[in-house]
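Peer 1: Got a structure for you, coords-v2.txt, holding compact mmCIF, C-alpha atoms.
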```txt
# COMPACT_ATOMS: atom_id res chain seq x y z
CA MET A 1 75.91 113.95 110.54
CA VAL A 2 75.99 110.77 108.45
CA ARG A 3 77.95 107.90 109.97
CA VAL A 4 79.69 105.50 107.58
CA VAL A 5 80.98 102.13 108.73
CA HIS A 6 83.43 100.23 106.54
CA GLU A 7 85.74 97.22 106.46
CA LEU A 8 88.48 98.56 104.17
CA GLY A 9 91.04 99.63 106.77
CA GLU A 10 92.92 102.90 107.00
CA ARG A 11 93.14 103.31 103.21
CA GLY A 12 89.36 103.33 103.07
CA SER A 13 89.10 105.78 105.93
CA ALA A 14 91.60 108.13 104.31
CA ALA A 15 89.76 108.10 100.99
CA ILE A 16 86.38 108.78 102.61
CA ARG A 17 87.82 111.50 104.83
CA ALA A 18 89.50 113.24 101.90
CA ALA A 19 86.33 113.29 99.84
CA TYR A 20 83.81 114.02 102.59
CA PRO A 21 85.47 115.49 105.69
CA ASP A 22 82.14 116.07 107.43
CA VAL A 23 81.18 112.38 107.40
CA GLU A 24 81.76 110.41 110.60
CA ILE A 25 83.81 107.29 109.88
CA VAL A 26 83.79 104.05 111.87
CA GLU A 27 86.42 101.53 110.80
CA VAL A 28 85.65 97.96 111.89
CA HIS A 29 87.79 94.83 111.80
CA SER A 30 85.22 92.44 113.18
CA LEU A 31 81.46 92.42 113.05
CA THR A 32 80.92 92.67 116.80
CA PRO A 33 80.29 96.39 117.34
CA PRO A 34 79.19 97.82 120.69
CA PRO A 35 75.40 97.65 121.13
CA GLU A 36 75.07 101.43 121.09
CA LEU A 37 76.61 101.81 117.63
CA ARG A 38 74.13 103.17 115.07
CA ALA A 39 74.98 104.08 111.50
CA GLU A 40 73.29 104.80 108.19
CA VAL A 41 75.83 103.49 105.67
CA PHE A 42 77.91 100.32 105.42
CA PHE A 43 80.72 99.67 102.91
CA GLY A 44 82.27 96.20 102.74
CA GLY A 45 80.76 92.74 102.74
CA TYR A 46 83.73 90.46 103.36
CA ALA A 47 82.40 88.76 106.49
CA GLN A 48 80.20 85.68 106.65
CA SER A 49 76.66 86.62 105.67
CA GLU A 50 75.16 85.52 109.02
CA GLN A 51 77.46 87.88 110.91
CA LEU A 52 76.85 90.66 108.44
CA LEU A 53 73.07 90.41 108.64
CA ALA A 54 73.00 90.48 112.43
CA TRP A 55 75.33 93.45 112.39
CA LEU A 56 73.36 95.41 109.79
CA ASP A 57 70.12 94.90 111.67
CA GLY A 58 71.69 95.79 115.00
CA CYS A 59 73.15 99.03 113.68
CA GLU A 60 70.02 99.93 111.69
CA ILE A 61 71.98 100.37 108.46
CA GLN A 62 69.91 101.98 105.68
CA TRP A 63 72.24 101.57 102.72
CA VAL A 64 74.75 98.77 102.06
CA GLN A 65 77.47 99.22 99.45
CA ILE A 66 78.98 95.82 98.66
CA ALA A 67 82.64 96.12 97.69
CA GLY A 68 82.32 93.42 95.02
CA THR A 69 80.11 92.80 92.00
CA GLY A 70 78.37 89.51 92.81
CA VAL A 71 75.77 89.38 95.57
CA ASP A 72 74.64 85.77 95.12
CA ARG A 73 76.26 84.61 98.36
CA PHE A 74 74.04 86.90 100.43
CA PRO A 75 70.59 85.69 101.55
CA PRO A 76 67.36 87.60 100.82
CA GLU A 77 67.44 89.06 104.34
CA LEU A 78 70.17 91.42 103.17
CA TYR A 79 67.41 93.50 101.59
CA GLY A 80 65.26 93.50 104.72
CA ASN A 81 64.15 96.49 106.78
CA GLY A 82 63.90 98.61 103.65
CA ARG A 83 67.67 98.61 103.08
CA VAL A 84 69.06 99.72 99.75
CA VAL A 85 71.84 97.46 98.50
CA THR A 86 74.31 98.53 95.83
CA CYS A 87 77.30 96.72 94.35
CA ALA A 88 80.62 97.79 92.83
CA ARG A 89 79.64 96.92 89.29
CA GLY A 90 82.61 97.28 86.95
CA ALA A 91 85.24 97.76 89.66
CA VAL A 92 87.08 94.59 88.63
CA ALA A 93 86.14 94.52 84.95
CA VAL A 94 89.65 95.36 83.72
CA PRO A 95 91.66 92.72 85.64
CA ILE A 96 89.05 90.04 84.94
CA SER A 97 89.02 90.87 81.23
CA GLU A 98 92.81 90.66 81.18
CA TRP A 99 92.63 87.23 82.84
CA VAL A 100 90.19 86.08 80.15
CA LEU A 101 92.46 87.29 77.34
CA ALA A 102 95.46 85.65 79.02
CA SER A 103 93.55 82.36 79.23
CA MET A 104 92.48 82.48 75.59
CA LEU A 105 96.00 83.31 74.44
CA ALA A 106 97.45 80.54 76.60
CA PHE A 107 95.04 78.08 75.00
CA GLU A 108 95.81 79.15 71.44
CA LYS A 109 99.58 79.41 71.98
CA ARG A 110 99.74 76.19 74.05
CA ILE A 111 101.26 77.92 77.06
CA PRO A 112 102.81 76.56 79.25
CA ASP A 113 103.18 73.31 77.25
CA ILE A 114 105.62 74.92 74.80
CA TRP A 115 108.11 76.01 77.50
CA LEU A 116 111.33 74.11 77.02
CA HIS A 117 112.93 72.07 79.78
CA ASP A 118 115.09 69.89 77.51
CA ALA A 119 116.38 70.12 73.95
CA PRO A 120 113.41 69.69 71.54
CA GLU A 121 113.39 67.32 68.60
CA ARG A 122 112.92 70.22 66.20
CA TRP A 123 113.48 73.97 66.29
CA ASN A 124 111.43 76.50 64.32
CA LEU A 125 108.38 74.24 64.11
CA ALA A 126 105.13 74.31 66.11
CA ALA A 127 101.37 74.03 65.62
CA LEU A 128 100.13 77.14 67.39
CA GLY A 129 96.81 78.90 67.01
CA GLY A 130 95.82 82.55 67.36
CA LEU A 131 92.92 84.74 68.36
CA SER A 132 92.60 86.61 65.07
CA GLY A 133 89.60 85.25 63.19
CA ARG A 134 88.43 83.14 66.13
CA THR A 135 84.92 83.57 67.50
CA LEU A 136 84.40 84.67 71.08
CA GLY A 137 81.03 83.56 72.41
CA LEU A 138 80.20 85.75 75.38
CA VAL A 139 77.42 84.89 77.82
CA GLY A 140 76.70 88.20 79.52
CA LEU A 141 77.33 91.70 78.23
CA GLY A 142 77.54 93.78 81.39
CA GLY A 143 80.54 95.68 82.72
CA ILE A 144 82.90 92.69 82.67
CA GLY A 145 81.62 91.47 79.31
CA THR A 146 82.11 94.92 77.82
CA ALA A 147 85.70 95.07 79.07
CA ILE A 148 86.36 91.65 77.51
CA VAL A 149 84.92 92.84 74.20
CA GLU A 150 87.13 95.93 74.15
CA ARG A 151 90.25 93.79 74.45
CA ALA A 152 89.14 90.93 72.21
CA ARG A 153 88.43 93.32 69.33
CA SER A 154 92.07 94.40 69.41
CA PHE A 155 93.01 90.81 68.56
CA GLY A 156 90.71 90.67 65.54
CA MET A 157 88.18 88.29 67.06
CA ARG A 158 84.62 87.91 65.89
CA ILE A 159 82.36 88.46 68.91
CA VAL A 160 78.89 87.06 69.43
CA ALA A 161 76.99 87.50 72.68
CA THR A 162 73.81 86.69 74.49
CA ARG A 163 72.11 89.12 76.81
CA ARG A 164 68.92 89.22 78.81
CA HIS A 165 67.09 91.30 76.18
CA PRO A 166 68.25 89.90 72.81
CA ASP A 167 65.84 92.09 70.83
CA ALA A 168 67.59 95.25 71.96
CA PRO A 169 70.37 96.49 69.67
CA SER A 170 73.94 95.68 70.57
CA PRO A 171 75.29 98.27 73.00
CA ILE A 172 78.79 97.82 71.60
CA ALA A 173 79.87 98.26 68.00
CA GLY A 174 81.09 95.07 66.40
CA VAL A 175 79.24 92.69 68.73
CA GLU A 176 76.57 90.40 67.29
CA VAL A 177 73.81 89.80 69.82
CA VAL A 178 72.25 86.42 69.02
CA ALA A 179 68.71 85.44 69.86
CA SER A 180 69.48 82.15 71.59
CA LEU A 181 72.22 80.44 73.52
CA ASP A 182 72.17 77.63 70.95
CA ASP A 183 73.27 80.05 68.21
CA LEU A 184 76.17 81.19 70.36
CA LEU A 185 77.24 77.65 71.31
CA ALA A 186 77.44 76.56 67.70
CA ALA A 187 79.69 79.47 66.75
CA ALA A 188 82.06 79.92 69.69
CA ASP A 189 85.70 78.86 69.61
CA HIS A 190 86.09 80.42 73.06
CA LEU A 191 82.97 80.28 75.24
CA VAL A 192 83.26 82.85 78.04
CA LEU A 193 80.80 83.02 80.93
CA ALA A 194 80.37 86.52 82.35
CA ALA A 195 76.76 86.45 83.57
CA PRO A 196 75.54 86.81 87.16
CA ALA A 197 74.53 83.74 89.15
CA THR A 198 70.74 83.69 89.29
CA ALA A 199 67.99 81.08 89.11
CA ARG A 200 67.87 81.79 85.36
CA THR A 201 71.58 81.08 84.79
CA HIS A 202 71.98 78.07 87.11
CA HIS A 203 73.67 75.28 85.08
CA ILE A 204 73.18 77.25 81.88
CA ILE A 205 76.13 75.20 80.61
CA GLY A 206 74.81 71.72 81.29
CA ALA A 207 74.59 68.44 79.41
CA ASP A 208 72.16 69.83 76.82
CA ALA A 209 74.27 72.91 76.10
CA LEU A 210 77.47 70.88 75.92
CA GLU A 211 75.90 68.66 73.25
CA LYS A 212 75.57 71.77 71.07
CA VAL A 213 79.00 73.37 71.45
CA LYS A 214 81.42 73.67 68.58
CA PRO A 215 83.75 70.66 68.87
CA GLY A 216 87.04 71.61 70.49
CA VAL A 217 85.66 74.70 72.24
CA HIS A 218 87.61 76.41 75.02
CA LEU A 219 85.36 77.15 78.02
CA VAL A 220 86.27 80.09 80.27
CA ASN A 221 84.32 80.77 83.46
CA ILE A 222 84.96 83.95 85.44
CA ALA A 223 81.35 84.30 86.63
CA ARG A 224 80.21 81.75 89.20
CA GLY A 225 80.64 78.00 89.43
CA ASP A 226 76.86 77.47 89.49
CA LEU A 227 76.64 78.42 85.82
CA VAL A 228 78.32 75.12 84.88
CA ASP A 229 77.15 71.57 85.54
CA GLN A 230 80.59 70.23 86.45
CA ASP A 231 79.58 66.57 86.06
CA ALA A 232 78.42 67.26 82.51
CA LEU A 233 81.60 69.25 81.87
CA ARG A 234 83.74 66.29 82.91
CA VAL A 235 82.02 64.10 80.30
CA ALA A 236 82.50 66.75 77.61
CA LEU A 237 86.18 67.14 78.48
CA ASP A 238 86.75 63.39 78.37
CA ASP A 239 85.08 62.91 74.99
CA GLY A 240 86.78 65.97 73.44
CA ARG A 241 83.80 68.22 72.83
CA VAL A 242 85.46 70.70 75.20
CA ALA A 243 89.18 70.94 74.48
CA MET A 244 90.04 72.92 77.60
CA ALA A 245 88.27 74.55 80.54
CA SER A 246 89.89 77.59 82.14
CA LEU A 247 88.03 78.03 85.41
CA ASP A 248 88.52 80.81 87.90
CA THR A 249 85.35 79.90 89.74
CA VAL A 250 83.85 76.53 90.62
CA THR A 251 81.40 75.03 93.05
CA PRO A 252 81.84 74.60 95.90
CA GLU A 253 84.44 77.15 96.91
CA PRO A 254 86.82 76.29 98.38
CA LEU A 255 87.04 73.12 96.31
CA PRO A 256 87.76 70.10 98.53
CA GLU A 257 91.12 68.37 98.39
CA GLY A 258 91.23 65.54 95.88
CA HIS A 259 88.47 66.94 93.65
CA TRP A 260 88.80 65.83 90.03
CA LEU A 261 89.10 69.42 88.78
CA TYR A 262 92.53 69.73 90.39
CA SER A 263 94.04 66.91 88.37
CA HIS A 264 92.16 66.76 85.07
CA PRO A 265 94.66 67.35 82.24
CA LYS A 266 92.22 69.56 80.33
CA VAL A 267 91.38 71.88 83.23
CA ARG A 268 93.26 75.04 84.14
CA LEU A 269 92.05 76.08 87.56
CA THR A 270 92.67 79.20 89.62
CA ALA A 271 91.36 80.11 93.06
CA HIS A 272 88.81 82.82 92.13
CA ILE A 273 91.52 85.43 91.73
CA SER A 274 90.89 86.84 88.24
CA TRP A 275 89.69 90.06 89.91
CA SER A 276 93.03 90.62 91.65
CA SER A 277 94.76 93.87 90.81
CA PRO A 278 96.65 96.60 92.66
CA ALA A 279 93.84 98.93 91.66
CA TYR A 280 90.97 96.74 92.90
CA LEU A 281 90.23 98.51 96.17
CA GLY A 282 90.63 101.85 94.44
CA GLY A 283 87.96 100.97 91.89
CA ALA A 284 85.48 99.77 94.50
CA THR A 285 86.20 102.80 96.66
CA ASP A 286 85.69 105.21 93.75
CA ILE A 287 82.26 103.70 93.12
CA PHE A 288 81.40 104.00 96.80
CA LEU A 289 82.56 107.61 97.02
CA ASP A 290 80.50 108.56 93.99
CA ASN A 291 77.47 106.87 95.51
CA LEU A 292 78.12 108.45 98.89
CA GLY A 293 78.05 111.87 97.28
CA ARG A 294 74.72 111.02 95.69
CA TYR A 295 73.40 109.76 99.03
CA LEU A 296 74.46 112.92 100.85
CA ARG A 297 72.82 115.09 98.19
CA GLY A 298 69.60 113.10 98.35
CA GLU A 299 70.05 111.69 94.85
CA ASP A 300 69.52 108.12 93.69
CA VAL A 301 72.57 105.88 94.15
CA GLN A 302 73.91 103.79 91.26
CA PHE A 303 74.15 100.02 90.78
CA VAL A 304 71.21 99.18 93.01
CA VAL A 305 70.75 95.40 93.29
CA ASP A 306 67.33 94.04 92.34
CA PRO A 307 66.58 91.35 94.94
CA GLU A 308 64.24 89.58 92.52
CA GLU A 309 66.84 89.37 89.75
CA GLY A 310 69.81 88.84 92.08
CA TYR A 311 72.09 91.44 90.50
```
Written as structure tokens, how would this file's structure read?

Peer 2:
Amino acid sequence: MVRVVHELGERGSAAIRAAYPDVEIVEVHSLTPPPELRAEVFFGGYAQSEQLLAWLDGCEIQWVQIAGTGVDRFPPELYGNGRVVTCARGAVAVPISEWVLASMLAFEKRIPDIWLHDAPERWNLAALGGLSGRTLGLVGLGGIGTAIVERARSFGMRIVATRRHPDAPSPIAGVEVVASLDDLLAAADHLVLAAPATARTHHIIGADALEKVKPGVHLVNIARGDLVDQDALRVALDDGRVAMASLDTVTPEPLPEGHWLYSHPKVRLTAHISWSSPAYLGGATDIFLDNLGRYLRGEDVQFVVDPEEGY
């Protein structure tokens, strides 16, 4: 009998039990299991990586299903002992894409600046923008990027994107895949970062890139803070090259008290919560259950993480 250990509480246990009643389920709330515990499958990944690694090795876990998309916070040892590691790619694509659209609309419509607290000087007059006809420059065209595209097209935006293999045809109708980041930077009114954090993408938006952006660009980061050189961003915000930065992720996290990002008038900062949705755990669990079925049938699981690429 396959033993599955998970960190998702009774809801997770109920979902696994309903789908696979013959699987033995071990629900854990701390990563200090009894020494005799052995299991094949782990679903979770919320604990500190040092605790998780010791636990996985001690229980001789063969397959790890991470409940989130990003795996950059885990060290290379996660893939040790021949373990297969999969992620919940796409589980939070919808709420994150909605957050991106909300941020772009707020920028164009000047929300919350236009909310009234006193009588205005004039009624029926404002200088508001819109998304129709604007260019969305998308760095990354995976599950989250695709969900952003689907929603942005409904607003009549032009969409250009970069991807790892620019010579391949666009996987989505209406998206222009450009050959270089420079081409995208020059065109984008809204520059959205949706790429994984890897050695290749570290500080992809740095001083050099920010010299090439379209003046007045709106930067949106829902990927990882490491993609942006925050010191270079501060310069670009102060001189006006970047009109606004909507950041759901920064570095470090948590951001220390008193950091300049909290108080800069051109920064809109949230606490890495763009993924939040009532359906989040359901999406991650659905991916796990599908993979668990594949595992039990001896088939290849989906969304296997490449330790060399980091996603």

Peer 1: Can you tell me which residues surround Val4 of chain A at a distance of at most 6 Å, considering all atoms listed in the file, apart from same-chain residues fewer than 5 positions away, and format the answer as a PyMOL selection string?

Peer 2: chain A and resi 25+41-42

Peer 1: List the spatial neighbours of segment 294-309 of chain A as a list in words - criterion: any atom at most 8 Å away, all atoms listed in the file, same-chain residues fewer than 4 positions off excluded.

Peer 2: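 So the residues in contact are Pro76, Tyr79, Val84, Val85, Thr86, Cys87, Ala88, Arg89, Thr198 and Asp290 of chain A.
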
Peer 1: Just to be explicit: take each residue in the selection above, keep C-alpha atoms, and write the result as a PDB file, in the frame of the given file.

Peer 2:
```pdb
ATOM      1  CA  PRO A  76      67.360  87.600 100.820  1.00  0.00           C
ATOM      2  CA  TYR A  79      67.410  93.500 101.590  1.00  0.00           C
ATOM      3  CA  VAL A  84      69.060  99.720  99.750  1.00  0.00           C
ATOM      4  CA  VAL A  85      71.840  97.460  98.500  1.00  0.00           C
ATOM      5  CA  THR A  86      74.310  98.530  95.830  1.00  0.00           C
ATOM      6  CA  CYS A  87      77.300  96.720  94.350  1.00  0.00           C
ATOM      7  CA  ALA A  88      80.620  97.790  92.830  1.00  0.00           C
ATOM      8  CA  ARG A  89      79.640  96.920  89.290  1.00  0.00           C
ATOM      9  CA  THR A 198      70.740  83.690  89.290  1.00  0.00           C
ATOM     10  CA  ASP A 290      80.500 108.560  93.990  1.00  0.00           C
TER      11      ASP A 290
END
```

Peer 1: For a quick check of understanding, using all atoms listed in the file, which of A:Gly282, A:Gly240, A:Gly293, A:Gly130 has the smallest distance to Leu8 of chain A?

Peer 2: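 Closest to Leu8 of chain A, using all atoms listed in the file: A:Gly282.
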
Peer 1: I need the residue nearest Ala284 of chain A from this list: A:Ala15, A:Leu233, A:Val177, A:Ala186. Use all atoms listed in the file for the distance.

Peer 2: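 The closest residue to Ala284 of chain A is A:Ala15.
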
Peer 1: Kindly extract all protein, DNA and RNA residues lying within 6 Å of the coordinates (93.1, 86.1, 87.4) given in the file, considering all atoms listed in the file, and supply them as a PyMOL selection string.

Peer 2: chain A and resi 99+273-275

Peer 1: Check the smallest atom-to-atom distance from each of A:Gly206, A:Gly9, A:Pro256, A:Gly137 to His218 of chain A using only C-alpha atoms, then report the winner.

Peer 2: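 Using only C-alpha atoms, the shortest distance to His218 of chain A belongs to A:Gly137.
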